[in-house]
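**Student:** Quick one, query.cif (mmCIF, C-alpha atoms):
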data_final
#
loop_
_atom_site.group_PDB
_atom_site.id
_atom_site.type_symbol
_atom_site.label_atom_id
_atom_site.label_comp_id
_atom_site.auth_asym_id
_atom_site.auth_seq_id
_atom_site.Cartn_x
_atom_site.Cartn_y
_atom_site.Cartn_z
ATOM 1 C CA SER A 154 64.871 -23.170 -21.443
ATOM 2 C CA LEU A 155 66.341 -19.845 -22.480
ATOM 3 C CA PHE A 156 63.292 -17.823 -21.535
ATOM 4 C CA ARG A 157 62.934 -19.469 -18.119
ATOM 5 C CA LEU A 158 66.561 -18.511 -17.532
ATOM 6 C CA LEU A 159 65.723 -14.975 -18.608
ATOM 7 C CA ALA A 160 62.801 -14.747 -16.177
ATOM 8 C CA THR A 161 64.975 -15.975 -13.309
ATOM 9 C CA THR A 162 67.715 -13.509 -14.175
ATOM 10 C CA LEU A 163 65.314 -10.590 -14.387
ATOM 11 C CA SER A 164 63.833 -11.426 -10.998
ATOM 12 C CA ASP A 165 67.305 -11.477 -9.437
ATOM 13 C CA ARG A 166 68.137 -8.093 -10.913
ATOM 14 C CA ILE A 167 64.969 -6.198 -10.101
ATOM 15 C CA GLY A 168 66.315 -5.154 -6.710
ATOM 16 C CA GLU A 169 69.577 -3.943 -8.196
ATOM 17 C CA ALA A 170 67.926 -1.987 -11.013
ATOM 18 C CA SER A 171 65.285 -0.486 -8.757
ATOM 19 C CA ALA A 172 67.884 0.617 -6.225
ATOM 20 C CA LYS A 173 69.805 2.344 -8.990
ATOM 21 C CA MET A 174 66.679 4.184 -10.083
ATOM 22 C CA ARG A 175 65.875 5.299 -6.524
ATOM 23 C CA GLN A 176 69.370 6.731 -6.116
ATOM 24 C CA GLU A 177 68.885 8.950 -9.156
ATOM 25 C CA VAL A 178 65.360 10.149 -8.288
ATOM 26 C CA VAL A 179 66.047 13.275 -6.189
ATOM 27 C CA SER A 180 64.333 16.633 -5.921
ATOM 28 C CA GLN A 181 66.981 18.501 -7.896
ATOM 29 C CA ASN A 182 68.371 15.854 -10.179
ATOM 30 C CA PRO A 183 71.117 17.142 -12.482
ATOM 31 C CA LYS A 184 72.010 15.106 -15.508
ATOM 32 C CA ALA A 185 74.087 12.134 -14.412
ATOM 33 C CA PRO A 186 77.823 12.765 -14.957
ATOM 34 C CA PRO A 187 79.810 10.522 -17.294
ATOM 35 C CA LYS A 188 81.043 7.269 -15.832
ATOM 36 C CA GLY A 189 84.396 7.571 -14.163
ATOM 37 C CA ALA A 190 87.619 6.758 -15.930
ATOM 38 C CA GLY A 191 90.221 4.452 -14.496
ATOM 39 C CA GLY A 192 93.981 4.538 -14.796
ATOM 40 C CA GLY A 193 96.709 2.014 -15.390
ATOM 41 C CA ALA A 194 96.290 0.307 -12.001
ATOM 42 C CA ALA A 195 92.641 -0.524 -12.689
ATOM 43 C CA LEU A 196 93.539 -1.891 -16.109
ATOM 44 C CA ALA A 197 96.283 -4.078 -14.676
ATOM 45 C CA GLN A 198 93.888 -5.581 -12.115
ATOM 46 C CA THR A 199 91.342 -6.607 -14.734
ATOM 47 C CA ALA A 200 93.583 -7.419 -17.721
ATOM 48 C CA ALA A 201 94.050 -11.090 -16.819
ATOM 49 C CA LYS A 202 90.283 -11.596 -16.453
ATOM 50 C CA TYR A 203 89.574 -10.125 -19.871
ATOM 51 C CA ARG A 204 92.428 -11.980 -21.557
ATOM 52 C CA GLN A 205 90.888 -15.200 -20.296
ATOM 53 C CA LEU A 206 87.401 -14.100 -21.367
ATOM 54 C CA PHE A 207 88.521 -13.444 -24.950
ATOM 55 C CA GLY A 208 91.070 -16.266 -25.127
ATOM 56 C CA LEU A 209 94.095 -13.994 -25.626
ATOM 57 C CA ALA A 210 97.756 -14.621 -24.861
ATOM 58 C CA ASP A 211 99.161 -13.592 -21.492
ATOM 59 C CA ASP A 212 101.383 -10.930 -23.060
ATOM 60 C CA GLU A 213 98.463 -9.010 -24.598
ATOM 61 C CA ALA A 214 98.245 -5.655 -22.798
ATOM 62 C CA LEU A 215 94.818 -4.126 -22.106
ATOM 63 C CA LEU A 216 95.085 -0.472 -23.144
ATOM 64 C CA LEU A 217 91.581 0.859 -22.593
ATOM 65 C CA ARG A 218 87.985 -0.120 -21.901
ATOM 66 C CA THR A 219 84.937 1.986 -22.755
ATOM 67 C CA THR A 220 81.293 1.716 -23.764
ATOM 68 C CA CYS A 221 80.244 1.667 -27.419
ATOM 69 C CA SER A 222 77.556 0.629 -29.876
ATOM 70 C CA MET A 223 78.066 -1.022 -33.257
ATOM 71 C CA ARG A 224 76.372 -2.164 -36.458
ATOM 72 C CA LYS A 225 77.916 -4.589 -38.936
ATOM 73 C CA GLU A 226 77.803 -3.969 -42.682
ATOM 74 C CA THR A 227 78.234 -6.740 -45.247
ATOM 75 C CA ASN A 228 77.920 -6.260 -49.015
ATOM 76 C CA ALA A 229 76.791 -2.631 -48.490
ATOM 77 C CA VAL A 230 73.902 -3.743 -46.251
ATOM 78 C CA LYS A 231 73.895 -2.671 -42.592
ATOM 79 C CA GLU A 232 72.334 -4.805 -39.901
ATOM 80 C CA ALA A 233 69.020 -3.433 -38.671
ATOM 81 C CA ASN A 234 69.884 -3.958 -35.000
ATOM 82 C CA VAL A 235 72.485 -2.035 -33.012
ATOM 83 C CA GLN A 236 74.610 -3.898 -30.475
ATOM 84 C CA PHE A 237 75.611 -2.193 -27.213
ATOM 85 C CA GLY A 238 78.318 -3.081 -24.737
ATOM 86 C CA GLU A 239 81.967 -2.531 -23.879
ATOM 87 C CA MET A 240 84.950 -2.184 -26.174
ATOM 88 C CA LEU A 241 88.299 -3.433 -24.888
ATOM 89 C CA LEU A 242 91.440 -2.439 -26.739
ATOM 90 C CA PHE A 243 94.412 -4.804 -26.577
ATOM 91 C CA ASP A 244 97.773 -4.520 -28.347
ATOM 92 C CA SER A 245 96.704 -6.729 -31.253
ATOM 93 C CA PHE A 246 92.949 -7.189 -30.820
ATOM 94 C CA LEU A 247 89.775 -5.129 -30.739
ATOM 95 C CA CYS A 248 87.377 -6.933 -28.401
ATOM 96 C CA PHE A 249 83.720 -6.399 -27.578
ATOM 97 C CA ASP A 250 81.525 -7.631 -24.741
ATOM 98 C CA TRP A 251 77.985 -7.116 -26.034
ATOM 99 C CA LYS A 252 75.216 -6.904 -23.447
ATOM 100 C CA VAL A 253 71.440 -7.113 -23.654
ATOM 101 C CA PHE A 254 69.188 -7.463 -20.612
ATOM 102 C CA GLY A 255 72.063 -8.879 -18.550
ATOM 103 C CA PHE A 256 73.250 -11.440 -21.103
ATOM 104 C CA HIS A 257 76.703 -11.288 -22.693
ATOM 105 C CA LYS A 258 78.230 -12.157 -26.055
ATOM 106 C CA GLN A 259 81.922 -11.736 -26.918
ATOM 107 C CA GLN A 260 83.418 -10.692 -30.253
ATOM 108 C CA THR A 261 87.098 -10.347 -31.207
ATOM 109 C CA ILE A 262 88.574 -8.580 -34.248
ATOM 110 C CA PRO A 263 92.347 -9.030 -34.790
ATOM 111 C CA PHE A 264 94.027 -5.798 -35.864
ATOM 112 C CA GLY A 265 95.797 -7.848 -38.518
ATOM 113 C CA GLU A 266 92.401 -8.069 -40.269
ATOM 114 C CA VAL A 267 91.604 -4.343 -39.945
ATOM 115 C CA LEU A 268 92.332 -2.509 -43.188
ATOM 116 C CA ALA A 269 91.439 1.024 -42.059
ATOM 117 C CA LEU A 270 89.762 3.087 -39.339
ATOM 118 C CA LEU A 271 87.768 5.915 -40.937
ATOM 119 C CA ARG A 272 86.148 8.675 -38.901
ATOM 120 C CA SER A 273 82.608 9.535 -39.991
ATOM 121 C CA SER A 274 81.995 13.023 -41.373
ATOM 122 C CA GLU A 275 78.227 12.659 -40.875
ATOM 123 C CA THR A 276 77.771 11.162 -37.395
ATOM 124 C CA ALA A 277 79.485 12.422 -34.249
ATOM 125 C CA ASN A 278 81.780 10.076 -32.300
ATOM 126 C CA THR A 279 81.483 7.417 -34.993
ATOM 127 C CA LEU A 280 84.074 5.577 -37.070
ATOM 128 C CA GLU A 281 84.081 2.766 -39.594
ATOM 129 C CA VAL A 282 86.221 -0.270 -38.896
ATOM 130 C CA GLN A 283 87.016 -1.671 -42.331
ATOM 131 C CA ALA A 284 87.866 -5.348 -42.051
ATOM 132 C CA LYS A 285 88.311 -8.166 -44.535
ATOM 133 C CA GLY A 286 84.916 -8.963 -46.042
ATOM 134 C CA CYS A 287 82.875 -6.546 -43.920
ATOM 135 C CA SER A 288 82.913 -3.288 -41.972
ATOM 136 C CA TYR A 289 81.616 -2.091 -38.608
ATOM 137 C CA GLU A 290 79.990 1.245 -37.771
ATOM 138 C CA LEU A 291 81.303 1.941 -34.273
ATOM 139 C CA THR A 292 80.030 4.761 -32.027
ATOM 140 C CA ILE A 293 82.098 5.683 -28.946
ATOM 141 C CA PRO A 294 80.370 8.346 -26.797
ATOM 142 C CA ASP A 295 83.264 9.083 -24.397
ATOM 143 C CA ASN A 296 86.753 10.329 -25.351
ATOM 144 C CA PHE A 297 86.252 9.478 -29.012
ATOM 145 C CA GLU A 298 89.453 11.177 -30.197
ATOM 146 C CA GLY A 299 91.627 9.424 -27.630
ATOM 147 C CA CYS A 300 90.075 6.054 -28.438
ATOM 148 C CA TRP A 301 90.459 6.543 -32.194
ATOM 149 C CA HIS A 302 94.136 7.510 -31.891
ATOM 150 C CA ALA A 303 94.827 4.529 -29.633
ATOM 151 C CA MET A 304 93.060 2.137 -32.008
ATOM 152 C CA GLU A 305 94.919 3.550 -35.003
ATOM 153 C CA GLY A 306 98.183 3.170 -33.107
ATOM 154 C CA CYS A 307 97.422 -0.500 -32.451
ATOM 155 C CA ARG A 308 96.511 -1.076 -36.085
ATOM 156 C CA ARG A 309 99.729 0.522 -37.341
ATOM 157 C CA ASN A 310 101.891 -1.294 -34.827
ATOM 158 C CA THR A 311 100.286 -4.659 -35.634
ATOM 159 C CA ASN A 312 100.920 -4.130 -39.347
ATOM 160 C CA ALA A 313 104.469 -2.975 -38.615
ATOM 161 C CA ARG A 314 105.176 -6.103 -36.571
ATOM 162 C CA LYS A 315 103.740 -8.245 -39.362
ATOM 163 C CA VAL A 316 106.065 -6.626 -41.916
ATOM 164 C CA HIS A 317 109.000 -6.893 -39.532
ATOM 165 C CA ASP A 318 108.350 -10.596 -38.921
ATOM 166 C CA GLN A 319 108.119 -11.301 -42.638
ATOM 167 C CA ARG A 320 111.449 -9.755 -43.629
ATOM 168 C CA PRO A 321 115.024 -10.652 -42.674
ATOM 169 C CA ALA A 322 116.504 -8.831 -39.719
ATOM 170 C CA ILE A 323 118.612 -5.792 -40.672
ATOM 171 C CA GLU A 324 122.045 -5.874 -39.081
ATOM 172 C CA GLY A 325 122.494 -3.216 -36.481
ATOM 173 C CA GLY A 326 119.051 -1.781 -37.138
ATOM 174 C CA GLY A 327 116.133 -1.466 -34.795
ATOM 175 C CA PHE A 328 112.503 -1.257 -35.759
ATOM 176 C CA GLU A 329 110.804 1.861 -34.438
ATOM 177 C CA GLU A 330 107.188 0.915 -33.756
ATOM 178 C CA VAL A 331 105.847 3.653 -31.518
ATOM 179 C CA ASP A 332 106.511 7.379 -31.943
ATOM 180 C CA ASP A 333 105.754 10.133 -29.445
ATOM 181 C CA GLU A 334 102.377 10.952 -31.013
ATOM 182 C CA ILE A 335 101.169 7.356 -30.769
ATOM 183 C CA ALA A 336 102.497 7.002 -27.225
ATOM 184 C CA SER A 337 100.519 10.121 -26.273
ATOM 185 C CA ALA A 338 97.412 8.677 -27.917
ATOM 186 C CA PHE A 339 97.776 5.494 -25.842
ATOM 187 C CA ALA A 340 97.958 7.629 -22.687
ATOM 188 C CA GLN A 341 94.755 9.424 -23.682
ATOM 189 C CA GLY A 342 93.043 6.154 -24.456
ATOM 190 C CA SER A 343 94.004 4.615 -21.137
ATOM 191 C CA ARG A 344 92.252 7.432 -19.320
ATOM 192 C CA ALA A 345 89.060 6.472 -21.157
ATOM 193 C CA GLN A 346 88.926 3.126 -19.369
ATOM 194 C CA GLN A 347 85.802 2.898 -17.271
ATOM 195 C CA GLU A 348 85.290 1.186 -13.960
ATOM 196 C CA GLY A 349 82.410 -1.254 -14.079
ATOM 197 C CA SER A 350 80.927 -4.124 -12.190
ATOM 198 C CA GLU A 351 82.302 -7.640 -12.463
ATOM 199 C CA LEU A 352 81.219 -9.608 -15.513
ATOM 200 C CA LYS A 353 78.242 -11.825 -14.839
ATOM 201 C CA ASP A 354 78.410 -15.467 -15.908
ATOM 202 C CA MET A 355 75.552 -15.038 -18.369
ATOM 203 C CA GLU A 356 77.206 -15.682 -21.740
ATOM 204 C CA LEU A 357 74.990 -17.096 -24.498
ATOM 205 C CA SER A 358 75.915 -19.286 -27.424
ATOM 206 C CA PRO A 359 75.558 -17.604 -30.855
ATOM 207 C CA ALA A 360 72.395 -19.639 -31.518
ATOM 208 C CA ASP A 361 70.826 -18.675 -28.172
ATOM 209 C CA TRP A 362 71.833 -15.031 -28.703
ATOM 210 C CA ASP A 363 70.034 -14.943 -32.068
ATOM 211 C CA LEU A 364 67.003 -16.708 -30.575
ATOM 212 C CA PHE A 365 66.885 -14.235 -27.707
ATOM 213 C CA LEU A 366 67.126 -11.197 -29.993
ATOM 214 C CA ALA A 367 64.385 -12.639 -32.198
ATOM 215 C CA GLY A 368 62.012 -12.148 -29.267
ATOM 216 C CA ALA A 369 62.949 -8.477 -28.844
ATOM 217 C CA LYS A 370 62.736 -5.456 -31.120
ATOM 218 C CA GLN A 371 64.622 -2.202 -31.528
ATOM 219 C CA ARG A 372 63.003 1.189 -31.931
ATOM 220 C CA ARG A 373 64.376 4.641 -32.666
ATOM 221 C CA PHE A 374 62.895 7.610 -30.820
ATOM 222 C CA LEU A 375 63.442 11.255 -31.754
ATOM 223 C CA GLN A 376 64.054 14.037 -29.240
ATOM 224 C CA GLY A 377 60.922 14.732 -27.190
ATOM 225 C CA GLU A 378 59.245 11.470 -28.181
ATOM 226 C CA ARG A 379 57.875 9.385 -25.302
ATOM 227 C CA VAL A 380 59.044 5.829 -24.796
ATOM 228 C CA LEU A 381 56.633 5.324 -21.884
ATOM 229 C CA GLU A 382 53.644 7.382 -20.745
ATOM 230 C CA GLU A 383 53.005 7.676 -17.000
ATOM 231 C CA GLY A 384 49.889 5.756 -15.978
ATOM 232 C CA GLN A 385 49.634 3.725 -19.166
ATOM 233 C CA PRO A 386 49.583 -0.109 -18.947
ATOM 234 C CA THR A 387 52.912 -1.680 -19.863
ATOM 235 C CA ALA A 388 54.416 -5.151 -19.735
ATOM 236 C CA ALA A 389 57.839 -4.822 -21.308
ATOM 237 C CA LEU A 390 61.517 -4.553 -20.423
ATOM 238 C CA PHE A 391 63.558 -1.765 -22.013
ATOM 239 C CA GLN A 392 67.296 -1.259 -22.498
ATOM 240 C CA ILE A 393 68.881 1.850 -24.009
ATOM 241 C CA LEU A 394 71.370 0.996 -26.756
ATOM 242 C CA ALA A 395 72.230 4.564 -27.772
ATOM 243 C CA GLY A 396 71.205 8.064 -26.723
ATOM 244 C CA GLU A 397 69.763 9.471 -23.501
ATOM 245 C CA LEU A 398 66.297 9.465 -21.928
ATOM 246 C CA ARG A 399 64.846 11.507 -19.084
ATOM 247 C CA VAL A 400 62.394 10.403 -16.394
ATOM 248 C CA GLU A 401 59.413 12.697 -15.774
ATOM 249 C CA LEU A 402 56.764 12.649 -13.036
ATOM 250 C CA SER A 403 53.464 14.510 -12.936
ATOM 251 C CA LEU A 404 53.027 16.102 -9.494
ATOM 252 C CA LYS A 405 49.780 17.434 -8.050
ATOM 253 C CA GLY A 406 49.677 21.201 -8.260
ATOM 254 C CA GLN A 407 52.491 21.383 -10.810
ATOM 255 C CA PRO A 408 51.556 22.661 -14.294
ATOM 256 C CA ALA A 409 54.341 20.686 -15.979
ATOM 257 C CA ALA A 410 56.009 17.340 -15.358
ATOM 258 C CA VAL A 411 59.149 17.351 -13.198
ATOM 259 C CA VAL A 412 62.360 15.742 -14.441
ATOM 260 C CA VAL A 413 63.494 13.339 -11.716
ATOM 261 C CA GLY A 414 66.206 11.301 -13.430
ATOM 262 C CA HIS A 415 68.131 10.455 -16.570
ATOM 263 C CA ARG A 416 68.966 7.200 -18.324
ATOM 264 C CA THR A 417 71.914 6.570 -20.636
ATOM 265 C CA ALA A 418 73.123 3.763 -22.924
ATOM 266 C CA GLY A 419 73.168 0.423 -21.115
ATOM 267 C CA ASP A 420 70.482 1.320 -18.556
ATOM 268 C CA MET A 421 67.392 -0.887 -18.207
ATOM 269 C CA PHE A 422 63.909 0.035 -17.002
ATOM 270 C CA GLY A 423 60.429 -1.471 -16.890
ATOM 271 C CA GLU A 424 61.494 -4.725 -15.209
ATOM 272 C CA THR A 425 58.756 -4.576 -12.567
ATOM 273 C CA SER A 426 56.031 -3.982 -15.152
ATOM 274 C CA LEU A 427 57.339 -6.880 -17.245
ATOM 275 C CA LEU A 428 56.817 -9.351 -14.428
ATOM 276 C CA LYS A 429 53.699 -7.824 -12.862
ATOM 277 C CA ALA A 430 51.982 -6.295 -15.925
ATOM 278 C CA GLY A 431 51.369 -2.995 -14.158
ATOM 279 C CA LYS A 432 51.202 0.663 -15.171
ATOM 280 C CA ALA A 433 54.132 2.952 -15.905
ATOM 281 C CA THR A 434 55.006 4.905 -12.762
ATOM 282 C CA ALA A 435 56.742 7.665 -14.733
ATOM 283 C CA SER A 436 57.066 8.980 -18.265
ATOM 284 C CA ILE A 437 60.277 8.194 -20.161
ATOM 285 C CA VAL A 438 61.108 10.845 -22.776
ATOM 286 C CA THR A 439 63.910 11.014 -25.362
ATOM 287 C CA ASP A 440 66.410 13.654 -24.224
ATOM 288 C CA SER A 441 69.070 13.349 -26.954
ATOM 289 C CA ASP A 442 68.587 14.004 -30.680
ATOM 290 C CA GLU A 443 67.571 10.369 -30.998
ATOM 291 C CA ALA A 444 67.714 7.188 -28.943
ATOM 292 C CA ILE A 445 67.734 3.485 -29.814
ATOM 293 C CA VAL A 446 65.897 1.261 -27.350
ATOM 294 C CA MET A 447 65.658 -2.539 -27.197
ATOM 295 C CA ILE A 448 62.180 -3.664 -26.127
ATOM 296 C CA LEU A 449 61.260 -7.115 -24.826
ATOM 297 C CA GLU A 450 57.498 -7.492 -24.474
ATOM 298 C CA ALA A 451 55.770 -10.089 -22.345
ATOM 299 C CA SER A 452 53.977 -12.679 -24.461
#
Any chance you could give the structure as structure tokens?
**Tutor:**
Amino acid sequence: SLFRLLATTLSDRIGEASAKMRQEVVSQNPKAPPKGAGGGAALAQTAAKYRQLFGLADDEALLLRTTCSMRKETNAVKEANVQFGEMLLFDSFLCFDWKVFGFHKQQTIPFGEVLALLRSSETANTLEVQAKGCSYELTIPDNFEGCWHAMEGCRRNTNARKVHDQRPAIEGGGFEEVDDEIASAFAQGSRAQQEGSELKDMELSPADWDLFLAGAKQRRFLQGERVLEEGQPTAALFQILAGELRVELSLKGQPAAVVVGHRTAGDMFGETSLLKAGKATASIVTDSDEAIVMILEAS
């Protein structure tokens, strides 16, 4: 069943997640730097894999890849849950690889169906993707400006190609699709591509994805609010969907807790307690203005 598969997957990944945590727990732990950006060579090496994953044509160029979170809005009603994962920008498609607790779900939005890309005046690093019949609130934490310009360039070029294909060819005339400003935006966007691990073969069907999410819940935490309290019983798995958390330890002889690590969007914690129903070995505290955390509790 789905949940037996989940238990097996979590067991396999405990070592990996725990090793990652140990690497970050040091005596003078600065905030973890942003994930590295890759250039054109890295994109070229992975483009074929992602084209196959999303079922795209071989001539679709992968322009950038970055992390993001998103909520869908239909008929002026936004979904309660936020989805987190990677955004991949192709010439004619906006693609997403959503991830929760190691499982994947793909989503593709053709730029031919995107009516506008509107930057939010209320929320930082956030834009609204207006599509036919719905819209998407998209938050991009890294290189937001470069990503927005690259996406807008793809949208304009897709619409320009559509108009060009629908009208008779003009004798002796060329069709100028990319100006210097858009070309510069593509260059900025490419630098936002992030190097990540290979995709795991853990895709779920839409029905299984909905069933899985029905067993989890999302919570918002404000800055300074504790997600976990050191020493308290816990039997849950956590994944950060947006925001940042810090890891604190109480040390003998120290009047205040010591910050020993940081967690950012996409990171998981609590996997050992989920399987062994133990006590929290550290306190997890909201470090950003707010954080959204997916919580899967043991039944």
**Student:** Give me, please, the distance in Å between atom CA of Leu394 of chain A and atom CA of Asp420 of chain A, quoted to one decimal.
**Tutor:**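 It comes out at 8.3 Å.
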**Student:** Distance atom CA of Asn296 of chain A-atom CA of Gly208 of chain A, one decimal place?
**Tutor:**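 Atom CA of Gly208 of chain A lies at a distance of 26.9 Å from atom CA of Asn296 of chain A.
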**Student:** If we count all atoms listed in the file, what is near Thr439 of chain A at a cut-off of 6 Å, once residues fewer than 6 positions away on the same chain are taken out, given as number ranges by chain?
**Tutor:** A: 376-378, 398
**Student:** For the selection just defined, write its residues with C-alpha atoms to a file, as a PDB file, in the frame of the given file.
**Tutor:**
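Saved the output as out-v5.pdb:
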ATOM      1  CA  GLN A 376      64.054  14.037 -29.240  1.00  0.00           C
ATOM      2  CA  GLY A 377      60.922  14.732 -27.190  1.00  0.00           C
ATOM      3  CA  GLU A 378      59.245  11.470 -28.181  1.00  0.00           C
ATOM      4  CA  LEU A 398      66.297   9.465 -21.928  1.00  0.00           C
TER       5      LEU A 398
END
**Student:** Near Glu443 of chain A, within 12 Å and counting all atoms listed in the file, which residues show up once chain neighbours fewer than 3 positions away are dropped, as a PyMOL selection string?
**Tutor:** chain A and resi 372-380+393-398+417-418+438-440+446
**Student:** Using all atoms listed in the file, which of A:Pro408, A:Gly265, A:Gly255, A:Gly419 sits nearest Asn310 of chain A?
**Tutor:**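 Between A:Pro408, A:Gly265, A:Gly255, A:Gly419, the residue approaching Asn310 of chain A most closely is A:Gly265.
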**Student:** Hey, can you check how far atom CA of Leu402 of chain A sits from atom CA of Ser436 of chain A?
**Tutor:**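 It comes out at 6.4 Å.
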**Student:** For each of A:Val413, A:Phe264, A:His302, A:Ala451, take the minimum atom-to-atom distance to Thr425 of chain A, counting all atoms listed in the file, then give the residue where this is smallest.
**Tutor:** A:Ala451
